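Below: the structure, in structure tokens.
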Amino acid sequence: MLRTALRNVLAHKARLIMTALAVLLGVAFVSGTLVFADTTANAFRNASAQSLKGVAVSVRAEAATATDTGAPDTSGAEDGKRATGLDTALARKIGRLSGVASVRPTVNAEVTLAAKDGRPVNAEGNRQNLATNYLPGKDGKDSHYPLKEGRGPATEGELALDAKTAEKAGYGLGDTVRFATDGPALTKKLVGIVATDDPRVTAGGTLTLLDTRTAQQLFHHPGQFDEIVVAAKDGTDERALTDRVRTLLPAKGARATSGAGLAAEQSAQIAKNTTSLTKTLLVFAGIALFVGAFLIANTFTMLIAQRSREIALLRAVGASRRQVVRSVLIEAALLGLGASAAGFALGLGIATALHLLLNTTGTALPDGPLVITPAAPLSSLAVGVVVTVLAAWLPSRKAAKIAPLAALGSVDQAPPARALVVRNVFGALLAGAGVPVMLYVSTLKTSKESNLMVAMLGGTLTLGGVIVLAPLLSRPLITLAGKVTTRFFGVSGKLAQENALRNPRRTAATASALMIGLALITGLTVGGYSAQRAMAKEATQGLTADYKVANSASRGLGADAAGKVARVPGVAAAAPVTQAGLDTHGRYGIITGTDPRAFGKATELDFHAGSLRDIGPGRIAVSDEFAQQARLHVGGFIDAEMSTGVATGKVRKKLEVVGVYAKTHAAYDALGTLTDVLPYSTSSKGLESVLVKAEPGKAAGVERKIRAALGDSPLLKVLSQEQLVKENNETINRVLNMMYGLLGMAVVIAILGVVNTLAMSVFERTREIGMLRAIGLDRSGIRQMVRLESVVISLFGAVLGIGTGIFLAWAGGSLTTSSMHEYETVLPWGRLGIFLALALMIGVLAAIWPARRAARLNMLRSIQSP
């Protein structure tokens, strides 16, 4: 039987090639993901280890904590600069400890550069835009940042950049560099270009070097630092040195960590970050393999039907059912093993492509060589072989049931009616369980973990039910499609319909592979499109302002920003906007602080009671939704807790409700004066944004003037309503495009399934095709028949997939209503039409080779075939 299995693999190479490709692609996705995860984690660890080289102890300033009074601790920071417990005196004390080779006191901050052409450099990833001090040694150079060109910065008007940043921004030695820290733009002369292995920079960030005094002037008080890095002498015990350093630290505001401890912390964080990404990618790899399983099962079912005489003869000469099953499973295992080995090799290319793809979408990953651990090839081979063997198990059992004599004259038998009845009942049970669960999900309003798990269960049951019921659903849908093909294509269209209906299981399995991919893509598309529409509506709801001015680093704007903008020629009104937490009667909301008069010109609120004119110090208006939740009414007083919602204490404040308005994104839950809200603002600088209303006919030319009035900082965002919508939708577009790319593998495998099914059915119907040729159907009619059969199967899968995807997106969309109040399911008819057109194209393209093969069959030899 082993020899028989080997012979069958070698004898049916052409018929198995599509199946092997399906396994190969699925395994390539798995192996690529595993190698990518190991490579990324190793690159991060190497970059981290390089940055920690020579670090025995790291003393870091801790963030300011809340004081006993509940107010934020801003001692020593009245001028807006950070105050730390690390200073020059402490650095000198640490430097005198036994075992210390050197100390490196550093200032660590973030700045955003403007490129030479004026555009901001990596503004959205500004946390990776490192600014630090250049510490020259006795030779005038900083060994931590080796010079490539020029010299290090020495005075207030100078800076240095790393080579990648300088190239990215288009700067050369002697150029004037414009950048921003947290306010107006600053300019300094570029005097040096350095090399660095800092992981934040190598992963896509920027590096700006200043002399120590200038860095402290910009970010701290004189003599203060963020970190003191300690290098140890040879033979010094790192742990003991860390303990000695701790004895010198102040009681609060500083923490000492050994180099080993710091490495362990970073390693744990790297593992956490890469694990979540790996799990996500493996889910899509699993989908691809699941789709491939249909192709594998279909292939072996057809091969067994074609080899029924051979199997019957084996049974007749003494082969047992168990031996027949083993023969088929060995054949599947050999196929899976060979395809998996090739898939692993292809996966190395996918791992490289994933790195490039994620970096183009803004995910900054460090460079590094491919890392292949033993787990990657072993897991890939195991997955490929197991999936192939499991998919072939049911066909192998069918083969074992072939009677030694009864099957000697059969070529293709339709599935027993009883088997289809059992399948239909099982499918009805699955769908009957899944649909009610999804209907229940449609009533849920929050996306908490338990609700998501219920939605996943309901979606899986529903999709599984549709897959199992596909043979039952194929008859009415394909019959309907057959009426169209018969009307327009005559005999060829009628034959295509009959061929598709001849074996509903095979048709359903072929269509199901395409259906799964399109169901997931449709669900994502409908959900994403609906979310985009909701976010676009929320972004501009209630806004009549021409521009919204904000900070790309999410630090906010200075409290005087609205006044500066209001004085710009062409500006009719500039409404300052800030936000704080508001807790009353056990209900938490967001209160917006503003200048009511200017706010009225930049927004359009629908008041049910009261008006903007009634708002003043101690007097607020609330949204209708918040009023209902907290049981508030006009004329009532509330004892509210005001807070930033970050890490500060709460302050009680008595406020009078003077108005109720329809809730909009512009005003959230409550609306008060800037005086009442500003002390508790969630923005570190005061204002969250400024809404600008231009004078009639002057909106087009006012943007440049607003930027100039606020210091022309690279961090500034001056967005029109169209740009607001585009910015809000950018993230969703990026995620959708990535999902489409990942699901594309499943669709490719589905196409291979259609090609394989058609090719093997052509072989199966060789005699029938010969008879059709003999009674007058020409070669073009044969080609048309095969093409139409392919189109019908593809459209059947597309209709099932799109319909299922729409239902799942509608039911699951309710989970977003708590965070996206304007969400409602909206069907993107244009995109759905494109999906149907793609299914039609898939059907045409998949039939090219099988149709050509069928048309080229010799008429007489075909009639004589068994």
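Residue names in the structure tokens use chain letters A, B, ... in the order shown, residue numbers from 1 in each chain, and ligand numbers from 1 in the order shown.
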Considering only C-alpha atoms, return as a count of residues only whatever protein or nucleic-acid residues lie within 12 Å of Ser530 in chain A, sequence-local ones (same chain, fewer than 3 positions apart) excluded. 31
Show which residues sit within 6 Å of Val692 in chain A, as a PDB file with C-alpha atoms, in the first residue's frame. Count only C-alpha atoms, and ignore same-chain residues fewer than 6 positions away.
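Okay, this is what ended up in selection-v7.pdb:
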ATOM      1  CA  ALA A 545     -15.549  76.598  11.504  1.00  0.00           C
ATOM      2  CA  ASP A 546     -13.307  76.783   8.454  1.00  0.00           C
ATOM      3  CA  TYR A 547     -10.262  75.393  10.307  1.00  0.00           C
ATOM      4  CA  ALA A 573     -13.665  84.360  15.290  1.00  0.00           C
ATOM      5  CA  ALA A 574     -11.215  82.061  17.104  1.00  0.00           C
TER       6      ALA A 574
END
If you run DSSP on the backbone, which residues of range 426-639 of chain A are strand (DSSP E or B), as JSON, numbers by chain? {"A": [543, 547, 548, 549, 550, 551, 557, 558, 571, 572, 573, 574, 575, 576, 577, 578, 579, 580, 581, 582, 583, 584, 587, 588, 589, 590, 591, 592, 593, 594, 603, 607, 608, 609, 616, 619, 620, 621, 622, 623, 637, 638, 639]}
Hey, can you spit out that residue selection with C-alpha atoms as a tab-separated table (two decimals), in the first residue's frame?
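Writing the result to result-v7.tsv gives the following:
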chain	number	residue	atom	x	y	z
A	543	LEU	CA	-18.92	72.62	13.13
A	547	TYR	CA	-10.26	75.39	10.31
A	548	LYS	CA	-9.36	73.44	13.39
A	549	VAL	CA	-5.92	74.23	14.80
A	550	ALA	CA	-4.29	71.51	16.92
A	551	ASN	CA	-0.93	69.97	17.86
A	557	LEU	CA	-1.76	74.57	22.40
A	558	GLY	CA	-0.84	77.40	24.72
A	571	VAL	CA	-10.22	85.72	10.96
A	572	ALA	CA	-13.78	86.48	12.12
A	573	ALA	CA	-13.67	84.36	15.29
A	574	ALA	CA	-11.21	82.06	17.10
A	575	ALA	CA	-12.84	79.83	19.72
A	576	PRO	CA	-10.48	78.24	22.28
A	577	VAL	CA	-11.40	74.64	23.14
A	578	THR	CA	-10.20	72.62	26.12
A	579	GLN	CA	-11.62	69.57	27.88
A	580	ALA	CA	-11.77	68.04	31.35
A	581	GLY	CA	-13.45	65.17	33.12
A	582	LEU	CA	-16.82	65.83	34.77
A	583	ASP	CA	-18.25	63.36	37.28
A	584	THR	CA	-21.72	63.94	38.70
A	587	ARG	CA	-22.04	59.59	35.60
A	588	TYR	CA	-18.74	60.47	33.95
A	589	GLY	CA	-18.67	62.87	31.02
A	590	ILE	CA	-16.42	65.31	29.19
A	591	ILE	CA	-16.91	69.02	29.67
A	592	THR	CA	-15.72	71.41	26.96
A	593	GLY	CA	-14.41	74.80	28.05
A	594	THR	CA	-14.52	77.69	25.59
A	603	THR	CA	-20.26	75.91	15.72
A	607	PHE	CA	-30.47	74.06	22.08
A	608	HIS	CA	-33.61	72.47	23.53
A	609	ALA	CA	-33.53	74.92	26.44
A	616	GLY	CA	-20.89	81.95	32.12
A	619	ARG	CA	-23.01	78.16	34.64
A	620	ILE	CA	-22.92	75.30	32.12
A	621	ALA	CA	-25.06	73.71	29.43
A	622	VAL	CA	-25.32	69.92	29.08
A	623	SER	CA	-26.16	67.60	26.20
A	637	PHE	CA	-27.26	72.70	40.49
A	638	ILE	CA	-24.72	69.90	40.37
A	639	ASP	CA	-21.86	69.15	42.73
List as a PyMOL selection string the protein and nucleic acid residues near Gly157 in chain A, meaning an atom at most 8 Å away when only C-alpha atoms are counted, but skip any in the same chain fewer than 6 places from it. chain A and resi 187-189
Length of the CA of Leu90 in chain A to CA of Leu248 in chain A vector [Å]: 7.5 Å
